[in-house]
Amino acid sequence: MMSTASALSCSLKHHLAFGLRFPQNHALCRPNGARITTSRSLAVTMAATSTTPLEVCVKASVTTPNKLGDCPFCQRVLLTFEEKHLPYDMKLVDLANKPEWFLQISPEGKVPVAKLDEKWVPDSDVITQSLEEKYPDPPLVTPPEKASVGSKIFSTFIGFLKSKDPADGTVQALLNELSSFNDYIKENGPFINGEKISAADLSLGPKLYHLEIALGHYKKWSVPDTLPYVKSYMETIFSMDSFVKTRASPDDVIAGWRPKVMG
């Protein structure tokens, strides 16, 4: 059997857009917005996971060659890999010019798609649930009664972003959802499931990142100071090493939302 090092070398030579990533182990996770300390030991990571890198197809940047693009659902999957300390082989896909090999993997041409148990699995919900079942430690399960917390923020953000009428109520709808989330985190935080980060945070975090950048650029709007727990939550999530490592550039986020704003 080919050694792990040889396999990784072959994988990297196979396609220039492939990017091998090794997760970062958290030494401490502080809910005060401070940068989280990590250890980057490849040997420890590989020994701890005892697995070869998992393949995952994600959106490529439209602004910078060979960089990760702006899909929040792709980042959710990558965050799950990182938080579970699973090494992964990231394949960047140009969604404006989808290669044939990708369409064979994903006939609908959508990302993310991950290879699990020799099968290509689409949809971030399915992928993250499958990862939880296959790699339960460390656990990221969000209790069912908390899993929907903050789930309406993304849709109300999009409604406000696309709005052409300042009086149509879309900004208030977003504020209502953010206010509810602010109250929840105040009583139950610092994360959705309390003291420890969980799958719900890894889903919501990328969406809030898009909210902050897109609304700041297109609407000159930001989360108001009257929602301090939302702002603190965002700062904490955005400062995590796993988040910094897997986030898109602001330019990509702005470019990604331009069609919806202009349309």
# chains A, B, ... in the order shown; residues from 1 in each chain; ligands from 1
call {"tool": "residues_around", "arguments": {"residues": "range 250-261 of chain A", "least_positions_apart": "3", "cutoff": "10 Å", "atoms": "only C-alpha atoms", "output": "number ranges by chain"}}
result
A: 60-64, 67-72, 158, 160-164, 209-219, 247
call {"tool": "select_by_dssp", "arguments": {"residues": "range 34-263 of chain A", "states": "strand (DSSP E)", "output": "PyMOL selection string"}}
result
chain A and resi 38-39+54-59+88-93+113-116+119-122
call {"tool": "closest_residue", "arguments": {"among": "A:Leu204, A:Val171, A:Val56, A:Val149", "to": "Asn188 in chain A", "atoms": "only C-alpha atoms"}}
result
A:Val149
call {"tool": "closest_residue", "arguments": {"among": "A:Thr52, A:Thr128, A:Gln172, A:Asn97", "to": "Ser198 in chain A", "atoms": "only C-alpha atoms"}}
result
A:Thr128
call {"tool": "residues_around", "arguments": {"residues": "Val93 in chain A", "least_positions_apart": "2", "cutoff": "6 Å", "atoms": "only C-alpha atoms", "output": "count of residues only"}}
result
4
call {"tool": "closest_residue", "arguments": {"among": "A:Thr80, A:Met234, A:Ile197, A:Glu55", "to": "Trp120 in chain A", "atoms": "only C-alpha atoms"}}
result
A:Glu55
call {"tool": "residues_around", "arguments": {"residues": "Pro190 in chain A", "least_positions_apart": "4", "cutoff": "12 Å", "atoms": "only C-alpha atoms", "output": "list in words"}}
result
Cys29, Arg30, Pro31, Asn32, Gly33, Phe181, Asn182, Asp183, Tyr184, Ile185, Lys186, Gly194, Glu195, Lys196, Ile197, Ser198, Asp201, Pro228, Tyr229, Val230, Lys231, Ser232, Tyr233, Met234, Glu235, Thr236 and Ile237 of chain A
call {"tool": "residues_around", "arguments": {"residues": "Val141 in chain A", "least_positions_apart": "2", "cutoff": "9 Å", "atoms": "only C-alpha atoms", "output": "VMD selection string"}}
result
chain A and resid 129 132 136 139 143 to 144 147 193 198 to 200
call {"tool": "write_last_selection", "arguments": {"atoms": "C-alpha atoms", "output": "CSV table (one decimal), in the first residue's frame"}}
result
chain,number,residue,atom,x,y,z
A,129,GLN,CA,-24.0,14.8,10.1
A,132,GLU,CA,-20.4,13.4,13.3
A,136,PRO,CA,-17.8,11.3,17.0
A,139,PRO,CA,-18.4,15.7,19.7
A,143,PRO,CA,-29.1,19.3,21.1
A,144,PRO,CA,-32.3,19.2,18.9
A,147,ALA,CA,-30.3,23.4,16.8
A,193,ASN,CA,-24.9,25.0,23.2
A,198,SER,CA,-21.1,22.9,18.4
A,199,ALA,CA,-22.4,22.2,14.9
A,200,ALA,CA,-24.9,25.0,15.1
call {"tool": "residues_around", "arguments": {"residues": "Leu103 in chain A", "least_positions_apart": "4", "cutoff": "12 Å", "atoms": "only C-alpha atoms", "output": "ChimeraX atom specification"}}
result
/A:57,93-95,97-99,107-111,113,120
call {"tool": "closest_residue", "arguments": {"among": "A:Leu54, A:Ser148, A:Lys84, A:Pro65", "to": "Lys119 in chain A", "atoms": "only C-alpha atoms"}}
result
A:Leu54
call {"tool": "closest_residue", "arguments": {"among": "A:Leu202, A:Leu79, A:Leu227, A:Leu140", "to": "Glu177 in chain A", "atoms": "only C-alpha atoms"}}
result
A:Leu227
call {"tool": "residues_around", "arguments": {"residues": "range 241-244 of chain A", "least_positions_apart": "2", "cutoff": "6 Å", "atoms": "only C-alpha atoms", "output": "mmCIF file with N, CA, C and O atoms, in the first residue's frame"}}
result
data_model
loop_
_atom_site.group_PDB
_atom_site.id
_atom_site.type_symbol
_atom_site.label_atom_id
_atom_site.label_comp_id
_atom_site.auth_asym_id
_atom_site.auth_seq_id
_atom_site.Cartn_x
_atom_site.Cartn_y
_atom_site.Cartn_z
ATOM 1 N N ILE A 36 -7.498 32.337 19.371
ATOM 2 C CA ILE A 36 -7.344 31.044 20.009
ATOM 3 C C ILE A 36 -5.980 30.460 19.690
ATOM 4 O O ILE A 36 -5.539 30.436 18.549
ATOM 5 N N GLU A 82 -11.870 20.890 10.660
ATOM 6 C CA GLU A 82 -10.889 21.513 11.547
ATOM 7 C C GLU A 82 -11.183 21.216 13.019
ATOM 8 O O GLU A 82 -10.285 20.849 13.774
ATOM 9 N N PHE A 238 -15.247 34.555 14.808
ATOM 10 C CA PHE A 238 -14.375 35.015 13.728
ATOM 11 C C PHE A 238 -12.894 34.957 14.100
ATOM 12 O O PHE A 238 -12.041 34.920 13.219
ATOM 13 N N THR A 246 -10.226 29.048 7.324
ATOM 14 C CA THR A 246 -11.188 28.577 6.322
ATOM 15 C C THR A 246 -12.086 29.675 5.759
ATOM 16 O O THR A 246 -12.970 29.391 4.955
ATOM 17 N N ARG A 247 -11.868 30.902 6.144
ATOM 18 C CA ARG A 247 -12.746 31.985 5.681
ATOM 19 C C ARG A 247 -12.350 32.446 4.285
ATOM 20 O O ARG A 247 -11.201 32.329 3.860
#
call {"tool": "closest_residue", "arguments": {"among": "A:Pro224, A:Pro53, A:Gly189, A:Gly150", "to": "Lys115 in chain A", "atoms": "only C-alpha atoms"}}
result
A:Pro53
call {"tool": "select_by_dssp", "arguments": {"residues": "range 75-262 of chain A", "states": "alpha helix (DSSP H)", "output": "JSON, numbers by chain"}}
result
{"A": [75, 76, 77, 78, 79, 80, 81, 82, 83, 100, 101, 102, 103, 104, 105, 124, 125, 126, 127, 128, 129, 130, 131, 132, 133, 134, 153, 154, 155, 156, 157, 158, 159, 160, 161, 162, 170, 171, 172, 173, 174, 175, 176, 177, 178, 179, 180, 181, 182, 183, 184, 185, 186, 187, 188, 199, 200, 201, 202, 203, 204, 205, 206, 207, 208, 209, 210, 211, 212, 213, 214, 215, 216, 217, 218, 228, 229, 230, 231, 232, 233, 234, 235, 236, 237, 238, 239, 241, 242, 243, 244, 245, 246, 250, 251, 252, 253, 254, 255, 256, 257, 258, 259, 260, 261, 262]}
call {"tool": "decode", "arguments": {"residues": "range 90-104 of chain A", "atoms": "all heavy atoms", "output": "PDB file, in the first residue's frame"}}
result
ATOM      1  N   MET A  90      -8.337  19.509  -0.026  1.00  0.00           N
ATOM      2  CA  MET A  90      -9.316  20.458  -0.549  1.00  0.00           C
ATOM      3  C   MET A  90      -9.122  20.679  -2.046  1.00  0.00           C
ATOM      4  O   MET A  90      -8.044  21.054  -2.493  1.00  0.00           O
ATOM      5  CB  MET A  90      -9.174  21.785   0.202  1.00  0.00           C
ATOM      6  CG  MET A  90     -10.248  22.796  -0.094  1.00  0.00           C
ATOM      7  SD  MET A  90     -10.150  24.201   1.055  1.00  0.00           S
ATOM      8  CE  MET A  90      -8.595  24.940   0.555  1.00  0.00           C
ATOM      9  N   LYS A  91     -10.176  20.442  -2.805  1.00  0.00           N
ATOM     10  CA  LYS A  91     -10.146  20.618  -4.253  1.00  0.00           C
ATOM     11  C   LYS A  91     -10.956  21.869  -4.601  1.00  0.00           C
ATOM     12  O   LYS A  91     -12.155  21.923  -4.357  1.00  0.00           O
ATOM     13  CB  LYS A  91     -10.720  19.391  -4.949  1.00  0.00           C
ATOM     14  CG  LYS A  91     -10.051  18.076  -4.527  1.00  0.00           C
ATOM     15  CD  LYS A  91     -10.679  16.901  -5.234  1.00  0.00           C
ATOM     16  CE  LYS A  91     -10.177  15.576  -4.655  1.00  0.00           C
ATOM     17  NZ  LYS A  91      -8.716  15.420  -4.770  1.00  0.00           N
ATOM     18  N   LEU A  92     -10.287  22.866  -5.153  1.00  0.00           N
ATOM     19  CA  LEU A  92     -10.932  24.125  -5.482  1.00  0.00           C
ATOM     20  C   LEU A  92     -11.586  24.041  -6.852  1.00  0.00           C
ATOM     21  O   LEU A  92     -10.938  23.674  -7.832  1.00  0.00           O
ATOM     22  CB  LEU A  92      -9.907  25.258  -5.462  1.00  0.00           C
ATOM     23  CG  LEU A  92      -9.173  25.461  -4.132  1.00  0.00           C
ATOM     24  CD1 LEU A  92      -8.112  26.537  -4.280  1.00  0.00           C
ATOM     25  CD2 LEU A  92     -10.154  25.819  -3.025  1.00  0.00           C
ATOM     26  N   VAL A  93     -12.868  24.393  -6.914  1.00  0.00           N
ATOM     27  CA  VAL A  93     -13.636  24.263  -8.151  1.00  0.00           C
ATOM     28  C   VAL A  93     -14.076  25.634  -8.647  1.00  0.00           C
ATOM     29  O   VAL A  93     -14.707  26.399  -7.914  1.00  0.00           O
ATOM     30  CB  VAL A  93     -14.884  23.373  -7.928  1.00  0.00           C
ATOM     31  CG1 VAL A  93     -15.676  23.242  -9.227  1.00  0.00           C
ATOM     32  CG2 VAL A  93     -14.483  22.002  -7.398  1.00  0.00           C
ATOM     33  N   ASP A  94     -13.753  25.922  -9.884  1.00  0.00           N
ATOM     34  CA  ASP A  94     -14.224  27.148 -10.536  1.00  0.00           C
ATOM     35  C   ASP A  94     -15.665  26.909 -10.966  1.00  0.00           C
ATOM     36  O   ASP A  94     -15.933  26.232 -11.960  1.00  0.00           O
ATOM     37  CB  ASP A  94     -13.327  27.454 -11.736  1.00  0.00           C
ATOM     38  CG  ASP A  94     -13.768  28.706 -12.493  1.00  0.00           C
ATOM     39  OD1 ASP A  94     -14.787  29.319 -12.109  1.00  0.00           O
ATOM     40  OD2 ASP A  94     -13.104  29.060 -13.486  1.00  0.00           O
ATOM     41  N   LEU A  95     -16.596  27.478 -10.231  1.00  0.00           N
ATOM     42  CA  LEU A  95     -18.016  27.230 -10.510  1.00  0.00           C
ATOM     43  C   LEU A  95     -18.499  27.926 -11.782  1.00  0.00           C
ATOM     44  O   LEU A  95     -19.573  27.601 -12.292  1.00  0.00           O
ATOM     45  CB  LEU A  95     -18.868  27.661  -9.316  1.00  0.00           C
ATOM     46  CG  LEU A  95     -18.622  26.876  -8.019  1.00  0.00           C
ATOM     47  CD1 LEU A  95     -19.591  27.343  -6.933  1.00  0.00           C
ATOM     48  CD2 LEU A  95     -18.760  25.373  -8.240  1.00  0.00           C
ATOM     49  N   ALA A  96     -17.717  28.863 -12.293  1.00  0.00           N
ATOM     50  CA  ALA A  96     -18.084  29.510 -13.558  1.00  0.00           C
ATOM     51  C   ALA A  96     -17.609  28.704 -14.759  1.00  0.00           C
ATOM     52  O   ALA A  96     -18.049  28.932 -15.883  1.00  0.00           O
ATOM     53  CB  ALA A  96     -17.495  30.919 -13.612  1.00  0.00           C
ATOM     54  N   ASN A  97     -16.721  27.768 -14.510  1.00  0.00           N
ATOM     55  CA  ASN A  97     -16.183  26.931 -15.584  1.00  0.00           C
ATOM     56  C   ASN A  97     -15.898  25.545 -14.998  1.00  0.00           C
ATOM     57  O   ASN A  97     -14.744  25.141 -14.826  1.00  0.00           O
ATOM     58  CB  ASN A  97     -14.908  27.560 -16.160  1.00  0.00           C
ATOM     59  CG  ASN A  97     -14.378  26.808 -17.355  1.00  0.00           C
ATOM     60  OD1 ASN A  97     -15.129  26.138 -18.071  1.00  0.00           O
ATOM     61  ND2 ASN A  97     -13.076  26.886 -17.571  1.00  0.00           N
ATOM     62  N   LYS A  98     -16.971  24.829 -14.707  1.00  0.00           N
ATOM     63  CA  LYS A  98     -16.848  23.568 -13.974  1.00  0.00           C
ATOM     64  C   LYS A  98     -16.153  22.492 -14.807  1.00  0.00           C
ATOM     65  O   LYS A  98     -16.584  22.199 -15.922  1.00  0.00           O
ATOM     66  CB  LYS A  98     -18.242  23.080 -13.559  1.00  0.00           C
ATOM     67  CG  LYS A  98     -18.962  24.060 -12.637  1.00  0.00           C
ATOM     68  CD  LYS A  98     -20.437  23.754 -12.505  1.00  0.00           C
ATOM     69  CE  LYS A  98     -21.140  24.869 -11.726  1.00  0.00           C
ATOM     70  NZ  LYS A  98     -22.601  24.712 -11.717  1.00  0.00           N
ATOM     71  N   PRO A  99     -15.085  21.916 -14.273  1.00  0.00           N
ATOM     72  CA  PRO A  99     -14.366  20.878 -15.022  1.00  0.00           C
ATOM     73  C   PRO A  99     -15.165  19.581 -15.100  1.00  0.00           C
ATOM     74  O   PRO A  99     -16.032  19.315 -14.251  1.00  0.00           O
ATOM     75  CB  PRO A  99     -13.078  20.695 -14.220  1.00  0.00           C
ATOM     76  CG  PRO A  99     -13.423  21.161 -12.844  1.00  0.00           C
ATOM     77  CD  PRO A  99     -14.441  22.241 -12.998  1.00  0.00           C
ATOM     78  N   GLU A 100     -14.865  18.788 -16.085  1.00  0.00           N
ATOM     79  CA  GLU A 100     -15.597  17.546 -16.308  1.00  0.00           C
ATOM     80  C   GLU A 100     -15.465  16.595 -15.134  1.00  0.00           C
ATOM     81  O   GLU A 100     -16.437  15.926 -14.756  1.00  0.00           O
ATOM     82  CB  GLU A 100     -15.100  16.885 -17.598  1.00  0.00           C
ATOM     83  CG  GLU A 100     -15.886  15.626 -17.979  1.00  0.00           C
ATOM     84  CD  GLU A 100     -17.370  15.884 -18.205  1.00  0.00           C
ATOM     85  OE1 GLU A 100     -17.723  16.997 -18.665  1.00  0.00           O
ATOM     86  OE2 GLU A 100     -18.176  14.986 -17.891  1.00  0.00           O
ATOM     87  N   TRP A 101     -14.271  16.509 -14.542  1.00  0.00           N
ATOM     88  CA  TRP A 101     -14.087  15.591 -13.411  1.00  0.00           C
ATOM     89  C   TRP A 101     -15.014  15.950 -12.250  1.00  0.00           C
ATOM     90  O   TRP A 101     -15.512  15.074 -11.543  1.00  0.00           O
ATOM     91  CB  TRP A 101     -12.632  15.575 -12.943  1.00  0.00           C
ATOM     92  CG  TRP A 101     -12.116  16.875 -12.381  1.00  0.00           C
ATOM     93  CD1 TRP A 101     -11.387  17.822 -13.024  1.00  0.00           C
ATOM     94  CD2 TRP A 101     -12.310  17.369 -11.040  1.00  0.00           C
ATOM     95  NE1 TRP A 101     -11.109  18.878 -12.191  1.00  0.00           N
ATOM     96  CE2 TRP A 101     -11.659  18.625 -10.960  1.00  0.00           C
ATOM     97  CE3 TRP A 101     -12.955  16.877  -9.903  1.00  0.00           C
ATOM     98  CZ2 TRP A 101     -11.631  19.394  -9.801  1.00  0.00           C
ATOM     99  CZ3 TRP A 101     -12.940  17.646  -8.732  1.00  0.00           C
ATOM    100  CH2 TRP A 101     -12.290  18.890  -8.689  1.00  0.00           C
ATOM    101  N   PHE A 102     -15.278  17.255 -12.078  1.00  0.00           N
ATOM    102  CA  PHE A 102     -16.164  17.677 -10.998  1.00  0.00           C
ATOM    103  C   PHE A 102     -17.615  17.338 -11.307  1.00  0.00           C
ATOM    104  O   PHE A 102     -18.362  16.892 -10.426  1.00  0.00           O
ATOM    105  CB  PHE A 102     -16.015  19.178 -10.758  1.00  0.00           C
ATOM    106  CG  PHE A 102     -17.035  19.736  -9.804  1.00  0.00           C
ATOM    107  CD1 PHE A 102     -17.049  19.347  -8.472  1.00  0.00           C
ATOM    108  CD2 PHE A 102     -17.996  20.633 -10.239  1.00  0.00           C
ATOM    109  CE1 PHE A 102     -18.001  19.850  -7.587  1.00  0.00           C
ATOM    110  CE2 PHE A 102     -18.944  21.140  -9.373  1.00  0.00           C
ATOM    111  CZ  PHE A 102     -18.948  20.744  -8.045  1.00  0.00           C
ATOM    112  N   LEU A 103     -18.042  17.531 -12.545  1.00  0.00           N
ATOM    113  CA  LEU A 103     -19.420  17.218 -12.924  1.00  0.00           C
ATOM    114  C   LEU A 103     -19.703  15.722 -12.828  1.00  0.00           C
ATOM    115  O   LEU A 103     -20.843  15.315 -12.599  1.00  0.00           O
ATOM    116  CB  LEU A 103     -19.704  17.730 -14.327  1.00  0.00           C
ATOM    117  CG  LEU A 103     -19.726  19.257 -14.464  1.00  0.00           C
ATOM    118  CD1 LEU A 103     -19.870  19.658 -15.927  1.00  0.00           C
ATOM    119  CD2 LEU A 103     -20.857  19.860 -13.631  1.00  0.00           C
ATOM    120  N   GLN A 104     -18.676  14.900 -12.966  1.00  0.00           N
ATOM    121  CA  GLN A 104     -18.859  13.461 -12.761  1.00  0.00           C
ATOM    122  C   GLN A 104     -19.094  13.159 -11.291  1.00  0.00           C
ATOM    123  O   GLN A 104     -19.833  12.242 -10.944  1.00  0.00           O
ATOM    124  CB  GLN A 104     -17.630  12.713 -13.279  1.00  0.00           C
ATOM    125  CG  GLN A 104     -17.481  12.751 -14.793  1.00  0.00           C
ATOM    126  CD  GLN A 104     -16.229  12.056 -15.273  1.00  0.00           C
ATOM    127  OE1 GLN A 104     -15.487  11.467 -14.490  1.00  0.00           O
ATOM    128  NE2 GLN A 104     -15.974  12.108 -16.583  1.00  0.00           N
TER     129      GLN A 104
END
